[in-house]
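First up is the structure itself, then whatever we jot down about it.
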Amino acid sequence: MALTQAAERAALNKLIDYLDENPEEHLDSIMALIDRLVPASVFPAQRAAFSHVIKDRSNWYDLIMKVFDLNPEMRSRLLKTLIVDGNILAWPEQEKARERYECNIPWAILLDPTSACNLRCTGCWAAEYGHALNLSYEDIDSIVRQGKELGCHIYIYTGGEPLVRKGDLIRICEAHPDCAFLCFTNATLIDEAFCDEMIRVANFVPAISAEGNEATTDARRGEGTYAKIERAMDLLRERRLPFGISCCWTRANADAVATEENIDWMIDKGALFCWYFHYMPVGSAAGPELIPTPEQREKMYRFVRAMRERKPLFTLDFQNDGEYVGGCIAGGRRYLHINAAGDVEPCVFIHYSNANIHEASLLDALRSPLFMAYHDGQPFNKNHLMPCPMLENPDILPELVAQTGARPTDLIEPETPGQLRDKTAPAARAWKPVAERLWNDENDPMHDKRANDPTQGMADSDLSKFQHLGHRGYQNGL
C-alpha cells in the first residue's frame, strides 16, 4: 500500500537524519533505502547519477561531504526542506498539476521583492528601475501559497537587490519552513546578524554575484564591490553556511571567468555551486557589444564541462547546458519570473506578459496566452545549444509576442521585440555554425544520447510551428 504524503515525509526525513549522523558510513546504503520509499518515476536519472557518484568517490562525492560539513544547527533542516519537501515530494504534485491543468508547472518561481538596488551594474536593467516598486510581504506570501498548491517549493529572489528587504524575506522563511529560498545578491548587505538569521530559519541560501577577478567584478559592479563580496563570503564560511556564486559572463569578463584560478577561488571561499548566466542585451541601455564571441562561448562550453569532471563545485551554464534540461526551461516549464510590479514573465530576461499577479492567479498566468505559447512551442530548437527564443532563435520572440498579444513589462523604457531581435540576431548567426559543429561532434561523450533524443524540436528557421500558438491561450480565459 502506498504511503500517505505525511508518512512518506516522515520516513524520508528519518533517512536524512540517518545520513546526517554519519555520512561517510551511511552514504553507501542511502540510495537503496530511498529506492524502497520513492517511486521509480521520481527523478530516475538524478538518482542514478547520485548512485554513480557515491560508488565512484569522485569530486562530486567530495562535494557531498562538504554539504555534510555545514553548520549542524541548520544542516539537517535545510536538507529536509530542499531534498524532501522541495523535490522528492514536490515533483509528483507538479506532475499531477501539469496533467490536470494542461499547462507548464514550474519547479521554481523567481520573484523580485523590490526594484531597489544599492549598486548600478553595467548591462543590468534593474539599475534603471529606481527604488519605487516592491512586492509587499502579503504579495510574496500569496505567491508562495499559490505555488505550493501546484507543488512548487523552491523560490528564488532576484531584483533589484533582494536583501534591501531582509526583514520580510526572513519572515517568509519562517512562514514557509517547507520551502527553500535562494537569493541572487550582490552580498554587500550580508552581515553577522543576517548570518545568524540564516542559521535560525535554515531555509535561505544566497547566490553571490561575482564575475571573475577583482578587476572584472569592480569594472561592472563598482569599485570596492569585490572586497565587500569577499567579506560576505568570509562571514558565511566562518559560520559554515551554504552559499554559491552567480556569474554573469560577458565579452569583457569571459576570459577571466573561464579560468581554473577563478574556480579554485570560489572553492577556497567556501562556495558549493556556481551558476553561469550568459549576458543578455535586455533593456534600452544594454547594447550588444557585451555579448560573448562564439570563440568565448565555445571556450566556456568546454571549460565548464572540464571543471565538472575535476572540481568539488556544482556548476551550471544555463545557456550551454540546455541538453541536460531539454532546452528552454522558461515559461513555467521549470521556472517563471514575477517582477516587482507583479508582472508574470516567462523568463527573467523576457520582459513581456499577459498577466499580473495583482489581477490574476498564478495558475491563470500559467494558462495565459504567452505561457501557453511557451508550453506548446518548447523546445524552440532541436539543438539544445541554441535553446533561447530571444538569443539564439531571435525571430521566435517577436512571433510569440505578436501571436499572444503580450505587452511589454520593462518598467522604464520598453523595447519592442523587433528592437531586441536586432541586437541578438548577429550573435545568433555567428553562434549557429559553432553550435551545430559542437552538437554533431561524434567524439563528444554526449553524441549518442543527442542522436537518439526523441525530443521533437524545430529548426530556428521554421516558424510555422507558431502560427496557432496564440489561440490556445486565449481560450483559457485571459
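Ordering of the C-alpha cells sets the chain letters (A, B, ...), residue numbers begin anew at 1 in every chain, and ligands are numbered from 1 in the order given.
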
Hey, could you make a per-residue contact list for region 255-311 of chain A against region 41-60 of chain A with 12 Å as the cut-off, showing the nearest pair of atoms and its distance in Å to one decimal, counting only C-alpha atoms, sorted by chain and number, as a Markdown table?
```
| residue | atom | partner | partner_atom | distance |
| --- | --- | --- | --- | --- |
| A:Leu272 | CA | A:Trp60 | CA | 10.7 |
| A:Phe273 | CA | A:Trp60 | CA | 11.3 |
| A:Ala306 | CA | A:Asn59 | CA | 12.0 |
| A:Met307 | CA | A:Asn59 | CA | 9.9 |
| A:Arg308 | CA | A:Asn59 | CA | 8.2 |
| A:Glu309 | CA | A:Asn59 | CA | 7.2 |
| A:Arg310 | CA | A:Asn59 | CA | 5.8 |
| A:Lys311 | CA | A:Asn59 | CA | 5.6 |
```

Which parts of region 131-213 of chain A does DSSP call alpha helix (DSSP H) when run on the backbone here, written out as a PDB file with N, CA, C and O atoms, in the first residue's frame?
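selection.pdb, freshly written:
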```pdb
ATOM      1  N   TYR A 137       4.979  42.111   1.540  1.00  0.00           N
ATOM      2  CA  TYR A 137       5.070  40.824   2.228  1.00  0.00           C
ATOM      3  C   TYR A 137       3.867  39.960   1.874  1.00  0.00           C
ATOM      4  O   TYR A 137       3.996  38.764   1.605  1.00  0.00           O
ATOM      5  N   GLU A 138       2.675  40.574   1.858  1.00  0.00           N
ATOM      6  CA  GLU A 138       1.453  39.829   1.547  1.00  0.00           C
ATOM      7  C   GLU A 138       1.481  39.297   0.115  1.00  0.00           C
ATOM      8  O   GLU A 138       1.004  38.185  -0.147  1.00  0.00           O
ATOM      9  N   ASP A 139       2.028  40.084  -0.825  1.00  0.00           N
ATOM     10  CA  ASP A 139       2.157  39.621  -2.210  1.00  0.00           C
ATOM     11  C   ASP A 139       3.037  38.375  -2.282  1.00  0.00           C
ATOM     12  O   ASP A 139       2.677  37.377  -2.918  1.00  0.00           O
ATOM     13  N   ILE A 140       4.210  38.448  -1.641  1.00  0.00           N
ATOM     14  CA  ILE A 140       5.146  37.318  -1.694  1.00  0.00           C
ATOM     15  C   ILE A 140       4.539  36.096  -1.018  1.00  0.00           C
ATOM     16  O   ILE A 140       4.628  34.970  -1.543  1.00  0.00           O
ATOM     17  N   ASP A 141       3.915  36.299   0.127  1.00  0.00           N
ATOM     18  CA  ASP A 141       3.280  35.189   0.839  1.00  0.00           C
ATOM     19  C   ASP A 141       2.207  34.536  -0.020  1.00  0.00           C
ATOM     20  O   ASP A 141       2.109  33.303  -0.078  1.00  0.00           O
ATOM     21  N   SER A 142       1.422  35.351  -0.722  1.00  0.00           N
ATOM     22  CA  SER A 142       0.376  34.803  -1.593  1.00  0.00           C
ATOM     23  C   SER A 142       0.968  34.012  -2.747  1.00  0.00           C
ATOM     24  O   SER A 142       0.466  32.925  -3.101  1.00  0.00           O
ATOM     25  N   ILE A 143       2.050  34.523  -3.345  1.00  0.00           N
ATOM     26  CA  ILE A 143       2.704  33.801  -4.443  1.00  0.00           C
ATOM     27  C   ILE A 143       3.191  32.438  -3.964  1.00  0.00           C
ATOM     28  O   ILE A 143       2.995  31.413  -4.634  1.00  0.00           O
ATOM     29  N   VAL A 144       3.811  32.412  -2.786  1.00  0.00           N
ATOM     30  CA  VAL A 144       4.325  31.143  -2.263  1.00  0.00           C
ATOM     31  C   VAL A 144       3.181  30.183  -1.960  1.00  0.00           C
ATOM     32  O   VAL A 144       3.255  28.987  -2.283  1.00  0.00           O
ATOM     33  N   ARG A 145       2.114  30.677  -1.371  1.00  0.00           N
ATOM     34  CA  ARG A 145       0.968  29.805  -1.050  1.00  0.00           C
ATOM     35  C   ARG A 145       0.334  29.245  -2.321  1.00  0.00           C
ATOM     36  O   ARG A 145      -0.018  28.063  -2.380  1.00  0.00           O
ATOM     37  N   GLN A 146       0.183  30.088  -3.336  1.00  0.00           N
ATOM     38  CA  GLN A 146      -0.364  29.602  -4.605  1.00  0.00           C
ATOM     39  C   GLN A 146       0.579  28.597  -5.255  1.00  0.00           C
ATOM     40  O   GLN A 146       0.138  27.597  -5.831  1.00  0.00           O
ATOM     41  N   GLY A 147       1.885  28.877  -5.182  1.00  0.00           N
ATOM     42  CA  GLY A 147       2.850  27.958  -5.763  1.00  0.00           C
ATOM     43  C   GLY A 147       2.826  26.602  -5.095  1.00  0.00           C
ATOM     44  O   GLY A 147       2.896  25.561  -5.764  1.00  0.00           O
ATOM     45  N   LYS A 148       2.702  26.594  -3.768  1.00  0.00           N
ATOM     46  CA  LYS A 148       2.661  25.314  -3.058  1.00  0.00           C
ATOM     47  C   LYS A 148       1.436  24.495  -3.434  1.00  0.00           C
ATOM     48  O   LYS A 148       1.490  23.253  -3.448  1.00  0.00           O
ATOM     49  N   GLU A 149       0.339  25.156  -3.756  1.00  0.00           N
ATOM     50  CA  GLU A 149      -0.855  24.432  -4.203  1.00  0.00           C
ATOM     51  C   GLU A 149      -0.582  23.658  -5.491  1.00  0.00           C
ATOM     52  O   GLU A 149      -1.225  22.640  -5.766  1.00  0.00           O
ATOM     53  N   LYS A 166      15.529  42.530   3.778  1.00  0.00           N
ATOM     54  CA  LYS A 166      15.966  41.434   4.652  1.00  0.00           C
ATOM     55  C   LYS A 166      14.874  40.954   5.593  1.00  0.00           C
ATOM     56  O   LYS A 166      14.622  39.757   5.729  1.00  0.00           O
ATOM     57  N   GLY A 167      14.241  41.889   6.291  1.00  0.00           N
ATOM     58  CA  GLY A 167      13.275  41.518   7.319  1.00  0.00           C
ATOM     59  C   GLY A 167      12.121  40.716   6.765  1.00  0.00           C
ATOM     60  O   GLY A 167      11.748  39.669   7.325  1.00  0.00           O
ATOM     61  N   ASP A 168      11.547  41.173   5.649  1.00  0.00           N
ATOM     62  CA  ASP A 168      10.415  40.459   5.065  1.00  0.00           C
ATOM     63  C   ASP A 168      10.825  39.099   4.518  1.00  0.00           C
ATOM     64  O   ASP A 168      10.059  38.126   4.595  1.00  0.00           O
ATOM     65  N   LEU A 169      12.028  39.006   3.960  1.00  0.00           N
ATOM     66  CA  LEU A 169      12.466  37.726   3.403  1.00  0.00           C
ATOM     67  C   LEU A 169      12.645  36.683   4.508  1.00  0.00           C
ATOM     68  O   LEU A 169      12.303  35.505   4.323  1.00  0.00           O
ATOM     69  N   ILE A 170      13.143  37.101   5.653  1.00  0.00           N
ATOM     70  CA  ILE A 170      13.259  36.173   6.774  1.00  0.00           C
ATOM     71  C   ILE A 170      11.877  35.791   7.289  1.00  0.00           C
ATOM     72  O   ILE A 170      11.635  34.616   7.630  1.00  0.00           O
ATOM     73  N   ARG A 171      10.940  36.724   7.327  1.00  0.00           N
ATOM     74  CA  ARG A 171       9.565  36.405   7.749  1.00  0.00           C
ATOM     75  C   ARG A 171       8.940  35.358   6.833  1.00  0.00           C
ATOM     76  O   ARG A 171       8.220  34.461   7.292  1.00  0.00           O
ATOM     77  N   ILE A 172       9.202  35.467   5.532  1.00  0.00           N
ATOM     78  CA  ILE A 172       8.683  34.475   4.588  1.00  0.00           C
ATOM     79  C   ILE A 172       9.293  33.112   4.862  1.00  0.00           C
ATOM     80  O   ILE A 172       8.615  32.073   4.821  1.00  0.00           O
ATOM     81  N   CYS A 173      10.591  33.077   5.160  1.00  0.00           N
ATOM     82  CA  CYS A 173      11.242  31.811   5.512  1.00  0.00           C
ATOM     83  C   CYS A 173      10.564  31.179   6.730  1.00  0.00           C
ATOM     84  O   CYS A 173      10.347  29.966   6.768  1.00  0.00           O
ATOM     85  N   GLU A 174      10.244  31.996   7.712  1.00  0.00           N
ATOM     86  CA  GLU A 174       9.588  31.494   8.917  1.00  0.00           C
ATOM     87  C   GLU A 174       8.193  30.973   8.611  1.00  0.00           C
ATOM     88  O   GLU A 174       7.764  29.940   9.154  1.00  0.00           O
ATOM     89  N   ALA A 175       7.476  31.671   7.728  1.00  0.00           N
ATOM     90  CA  ALA A 175       6.092  31.297   7.417  1.00  0.00           C
ATOM     91  C   ALA A 175       6.003  30.033   6.578  1.00  0.00           C
ATOM     92  O   ALA A 175       4.973  29.345   6.594  1.00  0.00           O
ATOM     93  N   GLU A 192      26.924  39.994  10.058  1.00  0.00           N
ATOM     94  CA  GLU A 192      26.887  38.952  11.076  1.00  0.00           C
ATOM     95  C   GLU A 192      25.458  38.644  11.511  1.00  0.00           C
ATOM     96  O   GLU A 192      25.090  37.465  11.680  1.00  0.00           O
ATOM     97  N   ALA A 193      24.654  39.683  11.708  1.00  0.00           N
ATOM     98  CA  ALA A 193      23.277  39.477  12.171  1.00  0.00           C
ATOM     99  C   ALA A 193      22.467  38.677  11.158  1.00  0.00           C
ATOM    100  O   ALA A 193      21.680  37.798  11.535  1.00  0.00           O
ATOM    101  N   PHE A 194      22.678  38.957   9.867  1.00  0.00           N
ATOM    102  CA  PHE A 194      21.921  38.214   8.863  1.00  0.00           C
ATOM    103  C   PHE A 194      22.375  36.759   8.798  1.00  0.00           C
ATOM    104  O   PHE A 194      21.561  35.855   8.591  1.00  0.00           O
ATOM    105  N   CYS A 195      23.655  36.516   8.972  1.00  0.00           N
ATOM    106  CA  CYS A 195      24.145  35.133   9.021  1.00  0.00           C
ATOM    107  C   CYS A 195      23.473  34.371  10.165  1.00  0.00           C
ATOM    108  O   CYS A 195      23.095  33.197  10.003  1.00  0.00           O
ATOM    109  N   ASP A 196      23.313  35.024  11.304  1.00  0.00           N
ATOM    110  CA  ASP A 196      22.642  34.383  12.436  1.00  0.00           C
ATOM    111  C   ASP A 196      21.189  34.065  12.099  1.00  0.00           C
ATOM    112  O   ASP A 196      20.664  33.010  12.503  1.00  0.00           O
ATOM    113  N   GLU A 197      20.534  34.940  11.348  1.00  0.00           N
ATOM    114  CA  GLU A 197      19.153  34.687  10.929  1.00  0.00           C
ATOM    115  C   GLU A 197      19.085  33.507   9.961  1.00  0.00           C
ATOM    116  O   GLU A 197      18.143  32.698  10.009  1.00  0.00           O
ATOM    117  N   MET A 198      20.077  33.373   9.080  1.00  0.00           N
ATOM    118  CA  MET A 198      20.125  32.220   8.185  1.00  0.00           C
ATOM    119  C   MET A 198      20.203  30.917   8.963  1.00  0.00           C
ATOM    120  O   MET A 198      19.552  29.927   8.603  1.00  0.00           O
ATOM    121  N   ILE A 199      20.980  30.904  10.026  1.00  0.00           N
ATOM    122  CA  ILE A 199      21.078  29.705  10.860  1.00  0.00           C
ATOM    123  C   ILE A 199      19.734  29.414  11.522  1.00  0.00           C
ATOM    124  O   ILE A 199      19.283  28.265  11.569  1.00  0.00           O
ATOM    125  N   ARG A 200      19.084  30.456  11.986  1.00  0.00           N
ATOM    126  CA  ARG A 200      17.821  30.273  12.721  1.00  0.00           C
ATOM    127  C   ARG A 200      16.719  29.708  11.829  1.00  0.00           C
ATOM    128  O   ARG A 200      16.023  28.775  12.216  1.00  0.00           O
ATOM    129  N   VAL A 201      16.555  30.262  10.610  1.00  0.00           N
ATOM    130  CA  VAL A 201      15.453  29.799   9.762  1.00  0.00           C
ATOM    131  C   VAL A 201      15.823  28.548   8.974  1.00  0.00           C
ATOM    132  O   VAL A 201      14.950  27.743   8.634  1.00  0.00           O
TER     133      VAL A 201
END
```

Practice prompt. May I have the residues within 9 Å of Pro346 (chain A) as a ChimeraX atom specification, using only C-alpha atoms and disregarding those fewer than 6 positions away in the same chain?
Written response: /A:330-332,335-338,352-353,366,370-371,374

Discussion item. Could you go through region 75-125 of chain A and tell me which residues DSSP, when run on the backbone, assigns to strand (DSSP E or B), listing them as a VMD selection string?
Written reply: chain A and resid 108 to 111 114

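For Lys299 (chain A), the set of protein, DNA and RNA residues having any atom at most 10 Å away, when counting only C-alpha atoms and skipping those fewer than 4 positions along the same chain, is Ala254, Asp255, Ala258, Thr293, Pro294, Glu295, Phe303 and Val304 of chain A.
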
Item to complete: Write out as a VMD selection string the residues lying within 7 Å of region 242-250 of chain A, counting only C-alpha atoms and excluding same-chain residues fewer than 4 positions away.
Response: chain A and resid 70 184 205 to 211 254 257 271 to 279 290 to 292

Discussion item. I'd like the contact shell of region 387-394 of chain A - 6 Å cut-off, only C-alpha atoms, skipping same-chain residues fewer than 3 positions apart - returned as number ranges by chain.
Written reply: A: 327-328, 381, 384, 397, 421, 424-425, 428, 460

Discussion item. To one decimal place in Å, what is the distance between CA of Leu163 (chain A) and CA of Asp264 (chain A)?
Written reply: 26.8 Å

Worksheet item: Which polymer residues have any atom within 7 Å of an atom of region 224-235 of chain A, counting only C-alpha atoms, with same-chain residues fewer than 4 positions away left out, as a count of residues only?
Response: 10

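Remark: for Asp376 (chain A), the closest of the candidate residues A:Glu415, A:Asp20, A:Glu102, A:Glu238 is A:Glu102 (distances computed over only C-alpha atoms).
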
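Going from CA of Arg334 (chain A) to CA of Arg9 (chain A) covers 23.0 Å.
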